[in-house]
Amino acid sequence: MKLKLCFFLILFMSTYVNAQNTFRNPVIPGEFADPTIIRIDNKWYAAGTSSEWAPYYPLYESDDLVNWTQTGHIFDEQPEWTLSSFWAPELFYHNDKIYVYYTARNKAGVSYIGVAVADDTNFNFTDYGPVVEWGTEAIDAFILEDKGDLYITWKAYGLDDRPIELLGCKLSPDGLRLDGEPFFLLRDDEHIGMEGQHWFKEGDYYYMIYSVKSCCGPGSDYEVYVARSENLRGPYEKYAGNPILKGDGKDVLSCGHGTFTTTPDGRKFYLYHAYLTGSKFYAGRQGMLQELIINEDKWPVFTTGNEVKLVQNVPFKGTIQKGIPSITDDFNSPSIENYWTWNYPYSTIDVKTENGQLNLTGIPKGKNNTGTAFCVRPVTPDYSFETQIGGENSSLKGLTFYGDADNLFILGNQNDKLLLKEVKDGKEEILFETTVNTKTPALKIEIREGTYPSFYWSQDGKKWELISSDKNGRNLSPLVRWDRVARPGLIHQDNPAIPATFNYFKMNLE
């Protein structure tokens, strides 16, 4: 008996120790596409695409590459030259300054690359406007410092009759403008896409790690390729072993568009995005981490093979991966928490916290008549979120499960009416309506499998009454059409002069 007990104790301890030597992807859960990463001393910083959500480019930091905390955004205000579509930021640390090269559409709707600079890790960026205005699009910047000179590479064309190419150009010493004529680097005629490149020099070779195939949506088959050259300007030889990273067909649908960083002892880790399969697909392109090495044939490969494996060895022994926290916002902070976002193409926003309440209003833009949404990113497929209305007025105020201004659910209170609405392709339908005898009802929405909402209300926030369940929100999400994820949050509708007031917001993860 004692021998058996000893055996099982040893087995348990061995399993426990082994568990502490691994982590599970994603390391940055929820929509975090096109990630960029840099290391400054012993801390890492990462940013990702924000697309049509403000603030612009969520910013994270980590001490161990596994546990990440959102600290803010690259921009709180929209850069003056931009219109929309904030994609693919690229952080670069140079001469004790932090640069970000980022993609956005200009006022004419053409995607170009801008640059902004911060003096330190407070990340107070000063924007210097476009640095690459080339062809009918220029996106996905990456910077290489070589022999004291700076170079930029980007994905060019693709929106006209010319093929997709990776181009490069020397930069001015201050990194703010092109210096000379762009030059050709790489073309991949076998695949539809070629983008999200990382350019680096090691040993005898310049390497270009890039992504091919379809980036986004349910049909995504994104993969990671590599090419190399003994000369910076090429020609570049593609690796016969491509792809060096792809989905496994089981847990991971597709992967790509990343950059790698180093540890202080010189090991390489690649931060990239991936769609997971099943209901986890509806969390969007999530931030993943894997170790990269140069093999005996001087090609970059991943230590766990060319198929994504969710479980990886921790970069640093003793690292324990923390769980994903739920959200509780009692609105007592004088500033808005970093996780809040709003859909800027459809509405301006006016939001403030005061006396433990949040006041929300905004002015719709264009043809938007569904109000102002104030949302957070979903990070798991199963969760619930709730609020309590802070007072009665003539505006509709409540919760939303929000794809865009034309595709959303609203569970709200207006005067003494409780309403449940569905807006699909711009057409509104009232699913439920009743009179309630409270001015401050509590409201809750549960999400299952990423897209199926159930709706509840309560007099006191404790005893919940089911209004409706098993609604199908799958086609609500613009992700089905391209690249965006439906988000949970708060909403204000109707008169901009009459704000919605909320007493709290909770998001509980299942």
# chains A, B, ... in the order shown; residues from 1 in each chain; ligands from 1

$ closest_atom_pairs --of "stretch 206-239 of chain A" --to "stretch 295-312 of chain A" --cutoff "10 Å" --atoms "only C-alpha atoms" --output "tab-separated table"
residue	atom	partner	partner_atom	distance
A:Tyr207	CA	A:Pro300	CA	8.4
A:Met208	CA	A:Pro300	CA	9.8
A:Ile209	CA	A:Pro300	CA	8.5
A:Glu223	CA	A:Glu307	CA	9.6
A:Val224	CA	A:Asn306	CA	9.0
A:Tyr225	CA	A:Pro300	CA	9.6
A:Val226	CA	A:Pro300	CA	7.5
A:Ala227	CA	A:Trp299	CA	8.5
A:Arg228	CA	A:Trp299	CA	8.1
A:Tyr239	CA	A:Trp299	CA	7.5

$ residues_around --residues "A:Phe401" --least-positions-apart "2" --cutoff "10 Å" --atoms "only C-alpha atoms" --output "list of chain:residue names"
A:Ala373, A:Cys375, A:Phe385, A:Leu399, A:Gly403, A:Asp404, A:Asn407, A:Leu408, A:Phe409, A:Ile410, A:Leu411, A:Glu422, A:Ile445, A:Glu446, A:Ile447, A:Thr451, A:Tyr452, A:Pro453, A:Gly473, A:Leu476, A:Ser477, A:Ala486, A:Arg487, A:Pro488, A:Gly489, A:Leu490, A:Ile491

$ write_last_selection --atoms "N, CA and C atoms" --output "compact mmCIF listing (two decimals), in the first residue's frame"
# COMPACT_ATOMS: atom_id res chain seq x y z
N ALA A 373 -22.12 52.14 -29.65
CA ALA A 373 -21.75 50.93 -28.91
C ALA A 373 -20.41 51.12 -28.22
N CYS A 375 -17.75 48.65 -26.30
CA CYS A 375 -17.62 47.20 -26.24
C CYS A 375 -16.25 46.75 -25.73
N PHE A 385 -22.36 38.60 -19.89
CA PHE A 385 -22.07 39.98 -19.50
C PHE A 385 -23.35 40.64 -19.05
N LEU A 399 -27.56 46.55 -23.13
CA LEU A 399 -26.48 45.70 -23.59
C LEU A 399 -26.61 45.46 -25.09
N GLY A 403 -21.98 43.28 -33.98
CA GLY A 403 -21.10 43.03 -35.13
C GLY A 403 -20.68 44.32 -35.77
N ASP A 404 -21.66 45.08 -36.24
CA ASP A 404 -21.45 46.44 -36.72
C ASP A 404 -22.78 47.16 -36.64
N ASN A 407 -25.67 45.07 -37.91
CA ASN A 407 -25.82 43.68 -37.47
C ASN A 407 -25.53 43.60 -35.98
N LEU A 408 -26.59 43.52 -35.17
CA LEU A 408 -26.40 43.53 -33.72
C LEU A 408 -27.68 43.12 -33.02
N PHE A 409 -27.54 42.73 -31.77
CA PHE A 409 -28.66 42.56 -30.85
C PHE A 409 -28.60 43.68 -29.82
N ILE A 410 -29.78 44.16 -29.38
CA ILE A 410 -29.87 45.16 -28.32
C ILE A 410 -30.88 44.67 -27.29
N LEU A 411 -30.47 44.58 -26.04
CA LEU A 411 -31.36 44.32 -24.91
C LEU A 411 -31.32 45.58 -24.05
N GLU A 422 -33.32 42.83 -32.70
CA GLU A 422 -32.29 42.28 -33.59
C GLU A 422 -32.23 43.15 -34.84
N ILE A 445 -26.73 39.07 -20.87
CA ILE A 445 -26.69 38.26 -22.08
C ILE A 445 -25.66 37.16 -21.88
N GLU A 446 -26.04 35.92 -22.14
CA GLU A 446 -25.11 34.80 -22.13
C GLU A 446 -24.79 34.41 -23.57
N ILE A 447 -23.52 34.17 -23.85
CA ILE A 447 -23.08 33.75 -25.18
C ILE A 447 -22.56 32.33 -25.09
N THR A 451 -21.38 32.58 -30.54
CA THR A 451 -22.34 33.34 -31.33
C THR A 451 -23.80 33.18 -30.92
N TYR A 452 -24.12 32.31 -29.97
CA TYR A 452 -25.52 32.06 -29.63
C TYR A 452 -25.88 32.79 -28.33
N PRO A 453 -26.68 33.86 -28.41
CA PRO A 453 -27.02 34.61 -27.20
C PRO A 453 -28.33 34.18 -26.57
N GLY A 473 -26.66 34.06 -33.62
CA GLY A 473 -25.93 35.27 -33.97
C GLY A 473 -24.77 35.01 -34.90
N LEU A 476 -24.49 37.32 -37.66
CA LEU A 476 -24.36 38.69 -37.18
C LEU A 476 -22.93 39.18 -37.28
N SER A 477 -21.99 38.28 -37.11
CA SER A 477 -20.59 38.66 -37.01
C SER A 477 -19.99 38.96 -38.37
N ALA A 486 -17.75 39.78 -33.47
CA ALA A 486 -18.83 40.40 -32.72
C ALA A 486 -18.41 40.59 -31.27
N ARG A 487 -18.72 41.77 -30.71
CA ARG A 487 -18.25 42.13 -29.37
C ARG A 487 -19.41 42.39 -28.41
N PRO A 488 -19.24 42.03 -27.16
CA PRO A 488 -20.22 42.35 -26.14
C PRO A 488 -19.97 43.75 -25.59
N GLY A 489 -21.05 44.42 -25.15
CA GLY A 489 -20.84 45.73 -24.56
C GLY A 489 -22.12 46.45 -24.22
N LEU A 490 -21.98 47.75 -24.04
CA LEU A 490 -23.07 48.66 -23.70
C LEU A 490 -23.48 49.45 -24.93
N ILE A 491 -24.70 49.97 -24.93
CA ILE A 491 -25.16 50.73 -26.09
C ILE A 491 -26.10 51.84 -25.65

$ closest_atom_pairs --of "stretch 264-354 of chain A" --to "stretch 44-51 of chain A" --cutoff "12 Å" --atoms "only C-alpha atoms" --output "Markdown table"
| residue | atom | partner | partner_atom | distance |
| --- | --- | --- | --- | --- |
| A:Pro264 | CA | A:Trp44 | CA | 11.0 |
| A:Phe269 | CA | A:Trp44 | CA | 11.3 |
| A:Tyr270 | CA | A:Ala46 | CA | 11.6 |
| A:Leu271 | CA | A:Ala46 | CA | 8.7 |
| A:Tyr272 | CA | A:Gly48 | CA | 9.8 |
| A:His273 | CA | A:Gly48 | CA | 9.5 |
| A:Gly284 | CA | A:Thr49 | CA | 11.7 |
| A:Arg285 | CA | A:Thr49 | CA | 10.1 |
| A:Gln286 | CA | A:Gly48 | CA | 10.0 |
| A:Gly287 | CA | A:Gly48 | CA | 8.9 |
| A:Met288 | CA | A:Ala46 | CA | 11.7 |
| A:Leu289 | CA | A:Ala46 | CA | 11.8 |
| A:Thr341 | CA | A:Ser50 | CA | 9.4 |
| A:Trp342 | CA | A:Ser50 | CA | 10.5 |
| A:Asn343 | CA | A:Ser51 | CA | 9.4 |
| A:Tyr344 | CA | A:Ser51 | CA | 10.0 |
| A:Pro345 | CA | A:Ser51 | CA | 10.4 |

$ write_last_selection --atoms "all heavy atoms" --output "short mmCIF file (atom, residue, chain, number, x, y, z; two decimals), in the first residue's frame"
data_model
loop_
_atom_site.label_atom_id
_atom_site.label_comp_id
_atom_site.auth_asym_id
_atom_site.auth_seq_id
_atom_site.Cartn_x
_atom_site.Cartn_y
_atom_site.Cartn_z
N PRO A 264 17.17 37.52 -23.58
CA PRO A 264 18.51 38.05 -23.30
C PRO A 264 19.64 37.08 -23.63
O PRO A 264 20.75 37.51 -23.94
CB PRO A 264 18.45 38.36 -21.79
CG PRO A 264 17.01 38.67 -21.54
CD PRO A 264 16.26 37.74 -22.44
N PHE A 269 11.74 33.81 -30.34
CA PHE A 269 10.33 33.44 -30.19
C PHE A 269 9.50 34.27 -31.16
O PHE A 269 9.70 35.49 -31.29
CB PHE A 269 9.87 33.64 -28.75
CG PHE A 269 10.40 32.60 -27.82
CD1 PHE A 269 11.66 32.74 -27.25
CD2 PHE A 269 9.66 31.46 -27.55
CE1 PHE A 269 12.18 31.76 -26.40
CE2 PHE A 269 10.17 30.48 -26.70
CZ PHE A 269 11.42 30.63 -26.13
N TYR A 270 8.57 33.58 -31.80
CA TYR A 270 7.74 34.17 -32.85
C TYR A 270 6.34 34.42 -32.29
O TYR A 270 5.66 33.50 -31.83
CB TYR A 270 7.68 33.19 -34.02
CG TYR A 270 7.00 33.65 -35.28
CD1 TYR A 270 7.50 34.70 -36.04
CD2 TYR A 270 5.88 32.97 -35.77
CE1 TYR A 270 6.89 35.07 -37.23
CE2 TYR A 270 5.27 33.33 -36.96
CZ TYR A 270 5.78 34.39 -37.69
OH TYR A 270 5.19 34.75 -38.88
N LEU A 271 5.91 35.68 -32.30
CA LEU A 271 4.55 36.05 -31.90
C LEU A 271 3.75 36.27 -33.17
O LEU A 271 4.10 37.11 -34.00
CB LEU A 271 4.57 37.31 -31.04
CG LEU A 271 3.21 37.76 -30.48
CD1 LEU A 271 2.69 36.77 -29.45
CD2 LEU A 271 3.32 39.16 -29.87
N TYR A 272 2.67 35.51 -33.33
CA TYR A 272 1.88 35.54 -34.56
C TYR A 272 0.42 35.37 -34.20
O TYR A 272 0.06 35.26 -33.03
CB TYR A 272 2.34 34.42 -35.50
CG TYR A 272 2.13 33.02 -34.95
CD1 TYR A 272 1.04 32.25 -35.32
CD2 TYR A 272 3.03 32.47 -34.02
CE1 TYR A 272 0.84 30.97 -34.80
CE2 TYR A 272 2.83 31.20 -33.50
CZ TYR A 272 1.74 30.47 -33.88
OH TYR A 272 1.53 29.21 -33.36
N HIS A 273 -0.45 35.39 -35.20
CA HIS A 273 -1.86 35.15 -34.90
C HIS A 273 -2.35 33.86 -35.54
O HIS A 273 -1.78 33.39 -36.53
CB HIS A 273 -2.74 36.33 -35.32
CG HIS A 273 -2.94 36.48 -36.80
ND1 HIS A 273 -2.59 37.63 -37.50
CD2 HIS A 273 -3.47 35.65 -37.74
CE1 HIS A 273 -2.90 37.48 -38.77
NE2 HIS A 273 -3.44 36.28 -38.94
N GLY A 284 -11.75 35.18 -33.03
CA GLY A 284 -10.91 35.87 -33.99
C GLY A 284 -9.49 35.35 -34.03
O GLY A 284 -9.18 34.25 -33.55
N ARG A 285 -8.61 36.17 -34.59
CA ARG A 285 -7.21 35.81 -34.75
C ARG A 285 -6.47 36.14 -33.45
O ARG A 285 -6.30 37.31 -33.11
CB ARG A 285 -6.60 36.56 -35.93
CG ARG A 285 -7.20 36.14 -37.27
CD ARG A 285 -6.81 37.06 -38.40
NE ARG A 285 -7.46 38.36 -38.27
CZ ARG A 285 -7.23 39.39 -39.07
NH1 ARG A 285 -6.34 39.29 -40.05
NH2 ARG A 285 -7.86 40.52 -38.91
N GLN A 286 -6.03 35.10 -32.73
CA GLN A 286 -5.51 35.27 -31.39
C GLN A 286 -3.98 35.20 -31.37
O GLN A 286 -3.36 34.57 -32.22
CB GLN A 286 -6.11 34.20 -30.48
CG GLN A 286 -7.64 34.19 -30.52
CD GLN A 286 -8.25 33.29 -29.48
OE1 GLN A 286 -8.07 33.50 -28.28
NE2 GLN A 286 -8.99 32.29 -29.91
N GLY A 287 -3.38 35.84 -30.36
CA GLY A 287 -1.94 35.94 -30.26
C GLY A 287 -1.29 34.66 -29.75
O GLY A 287 -1.57 34.21 -28.64
N MET A 288 -0.37 34.11 -30.55
CA MET A 288 0.27 32.81 -30.26
C MET A 288 1.79 33.00 -30.20
O MET A 288 2.36 33.89 -30.83
CB MET A 288 -0.06 31.82 -31.37
CG MET A 288 -1.53 31.78 -31.77
SD MET A 288 -2.53 30.74 -30.73
CE MET A 288 -2.12 29.14 -31.42
N LEU A 289 2.46 32.08 -29.48
CA LEU A 289 3.90 32.17 -29.30
C LEU A 289 4.55 30.81 -29.52
O LEU A 289 4.08 29.81 -28.97
CB LEU A 289 4.22 32.67 -27.89
CG LEU A 289 5.69 32.92 -27.58
CD1 LEU A 289 6.15 34.25 -28.20
CD2 LEU A 289 5.95 32.92 -26.08
N THR A 341 -13.66 49.62 -26.07
CA THR A 341 -13.46 50.01 -27.47
C THR A 341 -14.78 50.51 -28.05
O THR A 341 -15.86 50.21 -27.52
CB THR A 341 -12.98 48.82 -28.32
OG1 THR A 341 -13.99 47.79 -28.33
CG2 THR A 341 -11.68 48.23 -27.77
N TRP A 342 -14.69 51.26 -29.15
CA TRP A 342 -15.91 51.71 -29.83
C TRP A 342 -15.67 51.71 -31.34
O TRP A 342 -14.56 51.83 -31.83
CB TRP A 342 -16.36 53.08 -29.34
CG TRP A 342 -15.35 54.17 -29.48
CD1 TRP A 342 -15.21 55.05 -30.51
CD2 TRP A 342 -14.34 54.53 -28.52
NE1 TRP A 342 -14.18 55.93 -30.27
CE2 TRP A 342 -13.63 55.62 -29.06
CE3 TRP A 342 -13.97 54.01 -27.27
CZ2 TRP A 342 -12.57 56.21 -28.38
CZ3 TRP A 342 -12.91 54.61 -26.60
CH2 TRP A 342 -12.23 55.69 -27.16
N ASN A 343 -16.77 51.57 -32.07
CA ASN A 343 -16.75 51.37 -33.51
C ASN A 343 -16.78 52.74 -34.20
O ASN A 343 -17.82 53.21 -34.64
CB ASN A 343 -17.95 50.51 -33.89
CG ASN A 343 -17.76 49.73 -35.16
OD1 ASN A 343 -18.72 49.31 -35.77
ND2 ASN A 343 -16.53 49.53 -35.59
N TYR A 344 -15.60 53.37 -34.33
CA TYR A 344 -15.51 54.78 -34.71
C TYR A 344 -16.10 55.13 -36.08
O TYR A 344 -16.54 56.27 -36.28
CB TYR A 344 -14.04 55.25 -34.64
CG TYR A 344 -13.14 54.61 -35.65
CD1 TYR A 344 -13.02 55.13 -36.93
CD2 TYR A 344 -12.44 53.45 -35.35
CE1 TYR A 344 -12.22 54.51 -37.88
CE2 TYR A 344 -11.64 52.84 -36.28
CZ TYR A 344 -11.52 53.37 -37.55
OH TYR A 344 -10.74 52.75 -38.48
N PRO A 345 -16.16 54.23 -37.10
CA PRO A 345 -16.75 54.66 -38.37
C PRO A 345 -18.24 54.97 -38.28
O PRO A 345 -18.79 55.64 -39.15
CB PRO A 345 -16.51 53.47 -39.31
CG PRO A 345 -15.39 52.72 -38.70
CD PRO A 345 -15.59 52.88 -37.22
#

$ residues_around --residues "A:Asp41" --least-positions-apart "2" --cutoff "12 Å" --atoms "only C-alpha atoms" --output "PyMOL selection string"
chain A and resi 38-39+43-45+62-63+93+96+121+261-265

$ closest_residue --among "A:Val379, A:Gly196, A:Asn495, A:Phe260" --to "A:Ile324" --atoms "only C-alpha atoms"
A:Val379
